[in-house]
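Asker: Pasting a structure below so you can have a look.
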Amino acid sequence: MIEAIPFTREVVLIGGGHTHALFLRRWRMSPVPGARLTVINPGPAAPYTGMLPGYVAGHYQRRELDIDLVKLARFAGARIIFGRADGIDRDLKRVRISGRPDIAYDIASIDVGITSNLSEVKGFSEYGIAAKPLEAFASRWTEFLAKPAPGPAVIIGGGVGGVELALAMHHAQRTRQVDVTIVESDRMLVRLAPRARSALMRELTAAGIVVLEGRSLVEVSPTSVQLDNGTELAAELTVSAAGARPYDWLSGTGLHLTDGYLTVDEELRSITDPSIYAVGDCAYNEHAPRPKAGVFAVRAAPILAANISADLTGGRRRKFRPQKHYLKLISLGSRRAIAEKFGGALSGDWVWHWKDWIDRRFMDRLGNLPKMPPQRVPQNAAIGVNELLAARPLCGGCGSKVSEQILEDALDGVTATERGDVITSVGDDGAVLKVGNTHQVITTDHLRAFWPDPYVMTRIAALHAMGDIWAMSAAPQALLAQFTLPRMSEQLQNAWLDECLAAAEAVALETGAALVGGHTSVGAELTIGFTVTGLLPNDISFASGAQVGDALVLTRPIGSGTLLAAEMSGDADGREIFTLLEEMSKSQSEVAALLASDANALTDVTGFGLAGHAARLADSAGLTAEIQLEKVPFYPGAERLSGLGVRSSLYQANLAAHTIELPDNPAADLLFDPQTAGGLLAAIPSDKIERLLGKLPSGAAKIGQIVPKGTNPIAVL
Ligand SMILES: Cc1cc2nc3c(=O)[nH]c(=O)nc-3n(C[C@H](O)[C@H](O)[C@H](O)COP(=O)(O)OP(=O)(O)OC[C@H]3O[C@@H](n4cnc5c(N)ncnc54)[C@H](O)[C@@H]3O)c2cc1C
């Protein structure tokens, strides 16, 4: 047996800025075996600000600006943590992230960019908006654009970014006469060579954009801004592009700062702590200070990759020598731009097309990733190996479960031991045990990791295992965890287990169960499971089963198996995976309690897919579940991927278990998609359905009804 190389070192990238995005791409090409890579970023994508003015002007769609970090992380074999670092404990070598346990590192690198938030200005946090981060700005800009008659806009900051934004806004509003004003505390465009500066000032004048130099902002209200000389300007949109401002939390790290930026040496390492690198706008290169521009973040990527690899392997580090002069391509609102270098300036349509080509090529490099080669099969492999591997790689989560048919065949041969205190029989997902006057439910489930983050995987696995307890209308009582960790150093085992246990504890707390123990082992891959017990009320009367006329309610969208299969092959959209993980990480405790009091029958939707579980629910009552396809909720992206032919490993077996007529569309195929941490499916008496739906979360839907038995236990309309 060929063993995977054990992990011995943790590399943590804080922030998904340009350098780190390029680092991830490089890591795939030359990884350091034995080093585990983690990237921390608040969301699944990092914005490419170079295209922001083009987006505001209407030349690009919002999505075109996103660097998909989920895809890049998968490509690099790294884990991505969605969170915001807010400190570093350098003694313990841990990165702090609010809302989850600290992340251990041997080497960390910081690439968090800067903020143009003017939180010290009265009213700015409530009514103003910074150009970065992009998400908040983009939604405020969309709202502003949607107004039938938008009022004036004020931009704070007369650097290149502010001027580009002002011209872009003017262009976007060119048919509507929106007033745009730039407020600059110093002189406009001070860092720009005179020729380019004059050309840009002429553009501003021609566009009718008002420029106020030597003036600072003192207050923002919903409809105006007040300046330091008492002037009040009407402003329906106040945007800050006011240059560089480092994040405050960096000052708590104890690392040396220059004007708030992390001071680094020629090798990009903090001058205080050689195990911490800093790159991009948040860093100050002591040996060669440069303006804050994406070009330097991009140029730092190969040096950072080489130096971290050198630290991990004992090699020699390289020096970062940023160029003194660099080409600035400044967009002018319409499809024109100015190019500036060595003091000269050229402008025209062709400059814009050149900039557009450079920007798109950069985004393409990070978005259009080479396909992962299929697994290499030894020539002397046994018959059948090629056929098995020709299918997609084995999914994680419920996608890797043994098929319904194989399981049923195997269970057919099992003789149940009759006991008076065991109420259910072999084959049920959970068993009901009589303990004195109490009925206890016990169930177990485990998941092959589909997401390389032990914390998120543990949370989802625990909630997934709870599904059977909730489906039996029981209250969670105790949790036992089974963790199989891949082989790694003892130091790393400690850190991984800390994360797993923190997640298990959190779920226990939220669901009212006690985490009582478990079992750990080291194995081929991360696998997490839970055995859960629950208590049924003393006056238990088991749900009598579905009745004709009951409404079928599903509490959560389907399509997780398809999305996870696509994520594994690098075909998923990171934003869709982010939404999926968020939903899967939610407890269904309250939803289960609501259903339990009304349902005639209840189950959870897992490995056999919605079709399989609906069929079982109806069949056990000798009836048919009629599913109205257009009412079934799907995770964003699931239908698109299904249409592209993406399937989970278990899909084919799930489909083969039924002989029903299906509409010929991708949505129908998703009925057989195995679900991990899937929703609850309930048969609800028709007189209770409307009241219940009003209380369920927005993702829940009435997806059909129970009808008299037809030729099949399910029918799809
Ligand atoms: C309007 C405008 C136009 C511009 N145009 C150009 C241009 O044409 N060319 C050019 O070279 N430069 C341009 N710039 C400058 C350029 O945007 C920056 O220099 C560049 O983005 C810097 O990249 P970075 O790697 O430092 O980080 P960023 O691109 O800022 O990315 C930082 C990432 O870190 C994340 N992050 C933030 N805080 C945390 C945290 N606490 N924990 C974890 N993650 C965190 C952020 O969400 C983000 O994903 C422009 C700037 C503006 C405002």
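Going through the structure tokens in order, the chains are called A, B, and so on, while each chain numbers its residues from 1 and the ligands are numbered from 1 in the order shown.
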If the limit is 7 Å from any atom of ligand 1, counting only C-alpha atoms and all ligand atoms, which residues qualify? Return them as a PyMOL selection string.

Answerer: chain A and resi 14-19+40-43+45-53+83-86+111-114+131-133+161-162+164-165+241+279-282+292-295+297+328-330

Asker: List the spatial neighbours of Pro291 in chain A as a PyMOL selection string - criterion: any atom at most 10 Å away, only C-alpha atoms, same-chain residues fewer than 6 positions off excluded.

Answerer: chain A and resi 191+244+281+284+324

Asker: Report the residues of range 517-576 of chain A whose backbone DSSP state falls under strand (DSSP E or B), written as a tab-separated table (two decimals) with N, CA and C atoms, in the first residue's frame.

Answerer:
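Output file states_2.tsv is given in full below:
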chain	number	residue	atom	x	y	z
A	517	GLY	N	-17.78	11.58	24.62
A	517	GLY	CA	-16.56	10.81	24.36
A	517	GLY	C	-16.43	10.49	22.90
A	518	GLY	N	-15.68	9.46	22.60
A	518	GLY	CA	-15.49	9.10	21.20
A	518	GLY	C	-14.26	8.26	21.00
A	519	HIS	N	-13.75	8.34	19.83
A	519	HIS	CA	-12.62	7.49	19.47
A	519	HIS	C	-11.82	8.20	18.40
A	520	THR	N	-10.50	8.16	18.51
A	520	THR	CA	-9.68	8.80	17.48
A	520	THR	C	-8.72	7.77	16.89
A	521	SER	N	-8.41	7.93	15.63
A	521	SER	CA	-7.40	7.07	15.04
A	521	SER	C	-6.74	7.81	13.89
A	522	VAL	N	-5.66	7.24	13.40
A	522	VAL	CA	-4.96	7.81	12.26
A	522	VAL	C	-5.19	6.88	11.08
A	523	GLY	N	-5.57	7.45	9.96
A	523	GLY	CA	-5.90	6.59	8.82
A	523	GLY	C	-5.55	7.27	7.51
A	527	THR	N	-11.82	11.43	8.17
A	527	THR	CA	-13.17	10.88	8.20
A	527	THR	C	-13.74	11.19	9.58
A	528	ILE	N	-14.94	11.72	9.60
A	528	ILE	CA	-15.51	12.14	10.88
A	528	ILE	C	-16.91	11.56	11.05
A	529	GLY	N	-17.14	10.98	12.20
A	529	GLY	CA	-18.44	10.38	12.43
A	529	GLY	C	-18.94	10.66	13.84
A	530	PHE	N	-20.22	10.44	14.02
A	530	PHE	CA	-20.80	10.62	15.35
A	530	PHE	C	-21.83	9.53	15.63
A	531	THR	N	-21.83	9.08	16.87
A	531	THR	CA	-22.93	8.26	17.36
A	531	THR	C	-23.73	9.18	18.26
A	532	VAL	N	-25.02	9.21	18.04
A	532	VAL	CA	-25.85	10.17	18.78
A	532	VAL	C	-27.01	9.42	19.44
A	533	THR	N	-27.30	9.79	20.66
A	533	THR	CA	-28.52	9.28	21.27
A	533	THR	C	-29.49	10.42	21.48
A	534	GLY	N	-30.76	10.07	21.50
A	534	GLY	CA	-31.80	11.07	21.76
A	534	GLY	C	-32.89	10.45	22.61
A	535	LEU	N	-33.67	11.29	23.22
A	535	LEU	CA	-34.75	10.79	24.07
A	535	LEU	C	-36.10	11.13	23.47
A	536	LEU	N	-36.98	10.15	23.50
A	536	LEU	CA	-38.35	10.40	23.04
A	536	LEU	C	-39.21	10.70	24.27
A	551	ALA	N	-49.50	16.92	3.01
A	551	ALA	CA	-48.56	17.70	2.19
A	551	ALA	C	-47.14	17.24	2.50
A	552	LEU	N	-46.29	17.22	1.47
A	552	LEU	CA	-44.89	16.86	1.69
A	552	LEU	C	-44.08	18.15	1.84
A	553	VAL	N	-43.38	18.26	2.94
A	553	VAL	CA	-42.58	19.47	3.19
A	553	VAL	C	-41.11	19.10	3.26
A	554	LEU	N	-40.30	19.88	2.56
A	554	LEU	CA	-38.85	19.69	2.60
A	554	LEU	C	-38.24	20.96	3.19
A	558	ILE	N	-32.03	20.84	-2.19
A	558	ILE	CA	-31.25	19.65	-2.55
A	558	ILE	C	-30.22	20.03	-3.63

Asker: What's the separation between CA of Gly645 in chain A and CA of Leu407 in chain A, in Å to one decimal place?

Answerer: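 CA of Gly645 in chain A sits 26.3 Å away from CA of Leu407 in chain A.
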
Asker: Need to verify the contact set: Ile271 in chain A, 12 Å, only C-alpha atoms, exclusion of same-chain residues closer than 5 positions in sequence. Can you return it as a list in words?

Answerer: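 Neighbouring residues, sequence-local ones excluded: Gly254, Leu255, His256, Leu257, Thr258, Tyr261, Leu262, Thr263, Val264, Asp265, Glu266, Ile276, Tyr277, Ala278, Ala283, Tyr284, Asn285, Glu286 and His287 of chain A.
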
Asker: So, counting only C-alpha atoms, which residue among A:Val190, A:Leu693, A:Leu610, A:Ala306 is closest to Arg26 in chain A?

Answerer: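 Among A:Val190, A:Leu693, A:Leu610, A:Ala306, it is A:Ala306 that comes nearest to Arg26 in chain A.
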